[in-house]
Amino acid sequence: MKVLVTGFEPFDGAAVNSSWELAQALSTEPGVAAVQLPCRFGSSLQVLDEALRRQRPQLVLALGQTPQPGALRFERVAVNWIDSRIPDNDGLQPIDVQVLPGAPAAYFSRLPLKRMVAAARAAGMPAEVSLSAGSYVCNQVFFGLQHRLRRRPGVISGFVHVPGLGDALSFETMLLGVRAALAVADQPELHAPRSEGRIA
Ligand code: PCA
């Protein structure tokens, strides 16, 4: 399976971005390509598009760094909304605008999140499903990724936020967790028994 893993360049004055360090480490495995995305509203999706065209991946795992410590956050939802808390690396700070005007309000991840969370935990890395990827460049990329792949249901794609390297967790532990999660990303979601019921 051809896999594309993306990570971001450092932002907000930092020297490194853990998401890019992890993406590079994952790309030593066969079939996995790593691409660095700019933390810039004006060019992140262009660079992502180029990577999708070049690699034609069957699975895309986009990574970004979160200030929230302690766990991998497997993002459930990408929203069509940007509301920047800080300027991006071009000094732009868009407030209350859509990622893609006219596109749907939100997309879900296509990753088997619960299976991946379980795999990361089994590898010793705390992990959880998250219901918000924020409203900054990570969410822009996540939304753009899901929108671009919306008519290609065979491609599995989604976004995971990872803690920074200053976190108490070692890089090795994070890498083991993300690697274990990636290894099950093409498998079906874990469903609790009787979870198929409908509401209303
Ligand atoms: N984290 C930021 C953007 C780039 C990154 O690594 C975010 O969470 O939006």
# chains A, B, ... in the order shown; residues from 1 in each chain; ligands from 1
$ select_by_dssp --residues "range 4-196 of chain A" --states "strand (DSSP E)" --output "VMD selection string"
chain A and resid 4 to 8 32 to 37 59 to 66 72 to 75 77 to 79 106 to 108 127 to 130 156 to 163
$ write_last_selection --atoms "N, CA and C atoms" --output "tab-separated table (two decimals), in the first residue's frame"
chain	number	residue	atom	x	y	z
A	4	LEU	N	1.15	8.14	2.16
A	4	LEU	CA	1.72	9.48	2.29
A	4	LEU	C	1.51	9.96	3.72
A	5	VAL	N	2.61	10.34	4.37
A	5	VAL	CA	2.53	10.93	5.70
A	5	VAL	C	2.98	12.38	5.58
A	6	THR	N	2.17	13.31	6.07
A	6	THR	CA	2.60	14.70	6.04
A	6	THR	C	2.84	15.19	7.47
A	7	GLY	N	3.79	16.15	7.58
A	7	GLY	CA	4.05	16.84	8.84
A	7	GLY	C	4.22	18.30	8.50
A	8	PHE	N	4.24	19.15	9.53
A	8	PHE	CA	4.34	20.59	9.29
A	8	PHE	C	5.73	21.13	9.62
A	32	VAL	N	6.31	4.21	2.31
A	32	VAL	CA	5.86	5.42	3.01
A	32	VAL	C	6.67	6.63	2.58
A	33	ALA	N	5.98	7.64	2.06
A	33	ALA	CA	6.65	8.89	1.68
A	33	ALA	C	6.25	9.99	2.66
A	34	ALA	N	7.21	10.84	3.01
A	34	ALA	CA	6.93	11.96	3.91
A	34	ALA	C	7.05	13.28	3.15
A	35	VAL	N	6.09	14.15	3.37
A	35	VAL	CA	6.13	15.48	2.75
A	35	VAL	C	5.88	16.52	3.84
A	36	GLN	N	6.70	17.57	3.81
A	36	GLN	CA	6.52	18.65	4.78
A	36	GLN	C	5.58	19.72	4.22
A	37	LEU	N	4.60	20.10	5.01
A	37	LEU	CA	3.66	21.14	4.59
A	37	LEU	C	4.01	22.45	5.29
A	59	LEU	N	-3.32	5.73	1.06
A	59	LEU	CA	-3.60	6.10	2.45
A	59	LEU	C	-2.83	7.39	2.77
A	60	VAL	N	-3.51	8.35	3.36
A	60	VAL	CA	-2.85	9.60	3.74
A	60	VAL	C	-3.03	9.82	5.24
A	61	LEU	N	-1.92	9.91	5.94
A	61	LEU	CA	-1.94	10.22	7.37
A	61	LEU	C	-1.30	11.60	7.53
A	62	ALA	N	-2.13	12.59	7.83
A	62	ALA	CA	-1.61	13.94	8.03
A	62	ALA	C	-1.38	14.14	9.53
A	63	LEU	N	-0.20	14.64	9.87
A	63	LEU	CA	0.16	14.88	11.27
A	63	LEU	C	0.36	16.36	11.52
A	64	GLY	N	0.05	16.81	12.72
A	64	GLY	CA	0.33	18.18	13.12
A	64	GLY	C	0.61	18.20	14.61
A	65	GLN	N	1.29	19.24	15.04
A	65	GLN	CA	1.64	19.34	16.47
A	65	GLN	C	0.55	20.10	17.23
A	66	THR	N	0.23	19.59	18.39
A	66	THR	CA	-0.75	20.26	19.25
A	66	THR	C	-0.08	20.73	20.54
A	72	LEU	N	-1.61	11.17	21.79
A	72	LEU	CA	-1.95	11.35	20.38
A	72	LEU	C	-3.44	11.64	20.31
A	73	ARG	N	-3.82	12.56	19.46
A	73	ARG	CA	-5.24	12.91	19.32
A	73	ARG	C	-5.68	12.59	17.90
A	74	PHE	N	-6.46	11.54	17.80
A	74	PHE	CA	-6.95	11.09	16.50
A	74	PHE	C	-8.22	11.87	16.17
A	75	GLU	N	-8.10	12.76	15.19
A	75	GLU	CA	-9.16	13.73	14.94
A	75	GLU	C	-10.33	13.12	14.17
A	77	VAL	N	-13.20	15.05	13.17
A	77	VAL	CA	-13.93	16.00	12.31
A	77	VAL	C	-13.03	17.13	11.80
A	78	ALA	N	-13.14	17.42	10.51
A	78	ALA	CA	-12.52	18.62	9.92
A	78	ALA	C	-13.65	19.61	9.64
A	79	VAL	N	-13.52	20.83	10.11
A	79	VAL	CA	-14.60	21.81	9.87
A	79	VAL	C	-14.18	22.84	8.84
A	106	ALA	N	-18.48	20.24	7.14
A	106	ALA	CA	-17.49	19.39	7.81
A	106	ALA	C	-17.32	18.07	7.07
A	107	TYR	N	-16.21	17.45	7.33
A	107	TYR	CA	-15.98	16.07	6.87
A	107	TYR	C	-15.51	15.25	8.06
A	108	PHE	N	-15.85	13.95	8.01
A	108	PHE	CA	-15.32	13.01	9.00
A	108	PHE	C	-14.00	12.43	8.51
A	127	ALA	N	-3.37	7.66	23.84
A	127	ALA	CA	-4.04	8.12	22.63
A	127	ALA	C	-5.53	8.25	22.89
A	128	GLU	N	-6.17	9.16	22.14
A	128	GLU	CA	-7.61	9.33	22.29
A	128	GLU	C	-8.21	9.83	20.99
A	129	VAL	N	-9.52	9.65	20.86
A	129	VAL	CA	-10.23	10.26	19.74
A	129	VAL	C	-10.57	11.69	20.15
A	130	SER	N	-10.34	12.64	19.24
A	130	SER	CA	-10.61	14.05	19.51
A	130	SER	C	-11.71	14.54	18.57
A	156	ILE	N	-7.95	6.10	1.98
A	156	ILE	CA	-8.16	6.28	3.42
A	156	ILE	C	-7.37	7.52	3.84
A	157	SER	N	-8.00	8.44	4.56
A	157	SER	CA	-7.26	9.64	4.94
A	157	SER	C	-7.79	10.24	6.24
A	158	GLY	N	-6.89	10.89	6.95
A	158	GLY	CA	-7.29	11.56	8.17
A	158	GLY	C	-6.12	12.27	8.83
A	159	PHE	N	-6.37	12.76	10.02
A	159	PHE	CA	-5.43	13.66	10.68
A	159	PHE	C	-5.22	13.24	12.15
A	160	VAL	N	-3.97	13.33	12.57
A	160	VAL	CA	-3.64	13.04	13.97
A	160	VAL	C	-2.78	14.18	14.53
A	161	HIS	N	-3.20	14.72	15.67
A	161	HIS	CA	-2.38	15.71	16.36
A	161	HIS	C	-1.44	15.00	17.33
A	162	VAL	N	-0.20	15.47	17.37
A	162	VAL	CA	0.81	14.84	18.23
A	162	VAL	C	1.39	15.90	19.17
A	163	PRO	N	1.73	15.51	20.40
A	163	PRO	CA	2.32	16.48	21.33
A	163	PRO	C	3.70	16.95	20.85
$ residues_around --residues "range 147-153 of chain A" --least-positions-apart "4" --cutoff "12 Å" --atoms "only C-alpha atoms" --output "compact mmCIF listing (two decimals) with N, CA and C atoms, in the first residue's frame"
# COMPACT_ATOMS: atom_id res chain seq x y z
N LEU A 45 -2.26 23.96 1.19
CA LEU A 45 -3.06 23.04 0.36
C LEU A 45 -2.46 22.85 -1.03
N GLN A 46 -1.73 23.85 -1.51
CA GLN A 46 -1.03 23.68 -2.80
C GLN A 46 0.03 22.60 -2.68
N LEU A 48 0.13 20.23 -0.48
CA LEU A 48 -0.57 18.95 -0.29
C LEU A 48 -1.06 18.40 -1.64
N ASP A 49 -1.64 19.27 -2.47
CA ASP A 49 -2.13 18.84 -3.79
C ASP A 49 -1.01 18.23 -4.62
N GLU A 50 0.12 18.93 -4.63
CA GLU A 50 1.28 18.44 -5.39
C GLU A 50 1.69 17.05 -4.92
N LEU A 52 -0.17 14.82 -3.41
CA LEU A 52 -1.20 13.84 -3.78
C LEU A 52 -1.06 13.45 -5.24
N ARG A 53 -0.78 14.44 -6.08
CA ARG A 53 -0.62 14.17 -7.51
C ARG A 53 0.59 13.30 -7.77
N ARG A 56 0.16 9.69 -5.54
CA ARG A 56 -1.04 8.87 -5.72
C ARG A 56 -1.20 7.86 -4.58
N PRO A 57 -1.23 8.31 -3.34
CA PRO A 57 -1.26 7.39 -2.21
C PRO A 57 -2.63 6.70 -2.06
N GLN A 58 -2.62 5.53 -1.44
CA GLN A 58 -3.87 4.85 -1.10
C GLN A 58 -4.29 5.18 0.33
N LEU A 59 -3.32 5.73 1.06
CA LEU A 59 -3.60 6.10 2.45
C LEU A 59 -2.83 7.39 2.77
N VAL A 60 -3.51 8.35 3.36
CA VAL A 60 -2.85 9.60 3.74
C VAL A 60 -3.03 9.82 5.24
N ALA A 78 -13.14 17.42 10.51
CA ALA A 78 -12.52 18.62 9.92
C ALA A 78 -13.65 19.61 9.64
N VAL A 79 -13.52 20.83 10.11
CA VAL A 79 -14.60 21.81 9.87
C VAL A 79 -14.18 22.84 8.84
N ASN A 80 -15.19 23.37 8.13
CA ASN A 80 -14.94 24.35 7.07
C ASN A 80 -14.87 25.74 7.69
N VAL A 99 -12.69 27.56 5.09
CA VAL A 99 -11.52 26.98 4.41
C VAL A 99 -11.79 27.01 2.90
N LEU A 100 -12.94 26.48 2.50
CA LEU A 100 -13.33 26.43 1.09
C LEU A 100 -14.78 26.89 0.98
N PRO A 101 -14.99 28.16 0.59
CA PRO A 101 -16.35 28.67 0.50
C PRO A 101 -17.20 27.79 -0.42
N GLY A 102 -18.38 27.44 0.03
CA GLY A 102 -19.29 26.61 -0.77
C GLY A 102 -19.14 25.12 -0.52
N ALA A 103 -18.08 24.72 0.14
CA ALA A 103 -17.90 23.29 0.47
C ALA A 103 -18.76 22.96 1.69
N PRO A 104 -18.97 21.67 1.95
CA PRO A 104 -19.77 21.28 3.12
C PRO A 104 -19.20 21.83 4.43
N ALA A 105 -20.01 21.82 5.47
CA ALA A 105 -19.60 22.37 6.77
C ALA A 105 -18.48 21.55 7.40
N ALA A 106 -18.48 20.24 7.14
CA ALA A 106 -17.49 19.39 7.81
C ALA A 106 -17.32 18.07 7.07
N TYR A 107 -16.21 17.45 7.33
CA TYR A 107 -15.98 16.07 6.87
C TYR A 107 -15.51 15.25 8.06
N PHE A 108 -15.85 13.95 8.01
CA PHE A 108 -15.32 13.01 9.00
C PHE A 108 -14.00 12.43 8.51
N SER A 109 -13.19 11.99 9.46
CA SER A 109 -12.00 11.21 9.14
C SER A 109 -12.42 9.90 8.50
N ARG A 110 -11.58 9.38 7.64
CA ARG A 110 -11.82 8.05 7.07
C ARG A 110 -10.90 7.01 7.68
N LEU A 111 -10.23 7.38 8.74
CA LEU A 111 -9.36 6.42 9.42
C LEU A 111 -10.18 5.63 10.45
N ASN A 139 -6.36 22.23 10.86
CA ASN A 139 -7.74 21.98 10.45
C ASN A 139 -7.94 22.33 8.97
N GLN A 140 -7.28 23.38 8.51
CA GLN A 140 -7.37 23.75 7.09
C GLN A 140 -6.88 22.59 6.21
N VAL A 141 -5.73 22.02 6.58
CA VAL A 141 -5.16 20.92 5.80
C VAL A 141 -6.06 19.68 5.89
N PHE A 142 -6.54 19.36 7.09
CA PHE A 142 -7.42 18.21 7.28
C PHE A 142 -8.67 18.37 6.42
N PHE A 143 -9.29 19.57 6.48
CA PHE A 143 -10.50 19.80 5.70
C PHE A 143 -10.21 19.72 4.19
N SER A 157 -8.00 8.44 4.56
CA SER A 157 -7.26 9.64 4.94
C SER A 157 -7.79 10.24 6.24
N GLY A 158 -6.89 10.89 6.95
CA GLY A 158 -7.29 11.56 8.17
C GLY A 158 -6.12 12.27 8.83
$ residues_around --residues "Leu175 in chain A" --least-positions-apart "6" --cutoff "9 Å" --atoms "only C-alpha atoms" --output "list in words"
Leu22, Ala25, Leu26 and Met125 of chain A
$ write_last_selection --atoms "C-alpha atoms" --output "tab-separated table (two decimals), in the first residue's frame"
chain	number	residue	atom	x	y	z
A	22	LEU	CA	7.65	11.77	13.18
A	25	ALA	CA	10.97	8.73	10.91
A	26	LEU	CA	7.95	6.87	9.51
A	125	MET	CA	1.54	5.53	23.80
$ select_by_dssp --residues "range 138-190 of chain A" --states "helix (DSSP H, G or I)" --output "list in words"
Cys138, Asn139, Gln140, Val141, Phe142, Phe143, Gly144, Leu145, Gln146, His147, Arg148, Phe171, Glu172, Thr173, Met174, Leu175, Leu176, Gly177, Val178, Arg179, Ala180, Ala181, Leu182 and Ala183 of chain A
$ atom_distance --atom1 "CA of Asp186 in chain A" --atom2 "CA of Ala51 in chain A"
20.0 Å
$ atom_distance --atom1 "CA of Gln187 in chain A" --atom2 "CA of Thr173 in chain A"
22.5 Å
$ closest_residue --among "A:Val47, A:Ala15, A:Gly124, A:Cys138" --to "ligand 1" --atoms "only C-alpha atoms and all ligand atoms"
A:Cys138
$ closest_residue --among "A:Arg85, A:Arg115, A:Arg76, A:Arg121" --to "ligand 1" --atoms "only C-alpha atoms and all ligand atoms"
A:Arg85
$ closest_residue --among "A:Ala123, A:Ala118, A:Cys39, A:Leu176" --to "ligand 1" --atoms "only C-alpha atoms and all ligand atoms"
A:Cys39
$ residues_around --residues "Ala168 in chain A" --least-positions-apart "2" --cutoff "8 Å" --atoms "only C-alpha atoms" --output "list in words"
Gly70, Gly166 and Ser170 of chain A
$ write_last_selection --atoms "C-alpha atoms" --output "PDB file, in the first residue's frame"
ATOM      1  CA  GLY A  70       0.333  13.715  26.858  1.00  0.00           C
ATOM      2  CA  GLY A 166       9.255  19.140  24.966  1.00  0.00           C
ATOM      3  CA  SER A 170       9.865  10.494  24.610  1.00  0.00           C
TER       4      SER A 170
END
$ closest_residue --among "A:Ser84, A:Asn89, A:Gln68, A:Ser132" --to "Glu9 in chain A" --atoms "only C-alpha atoms"
A:Asn89
$ closest_residue --among "A:Gln24, A:Asn17, A:Gln93, A:Gln55" --to "ligand 1" --atoms "only C-alpha atoms and all ligand atoms"
A:Asn17
$ closest_residue --among "A:Leu113, A:Ser44, A:Pro69, A:Thr28" --to "Ala181 in chain A" --atoms "only C-alpha atoms"
A:Leu113
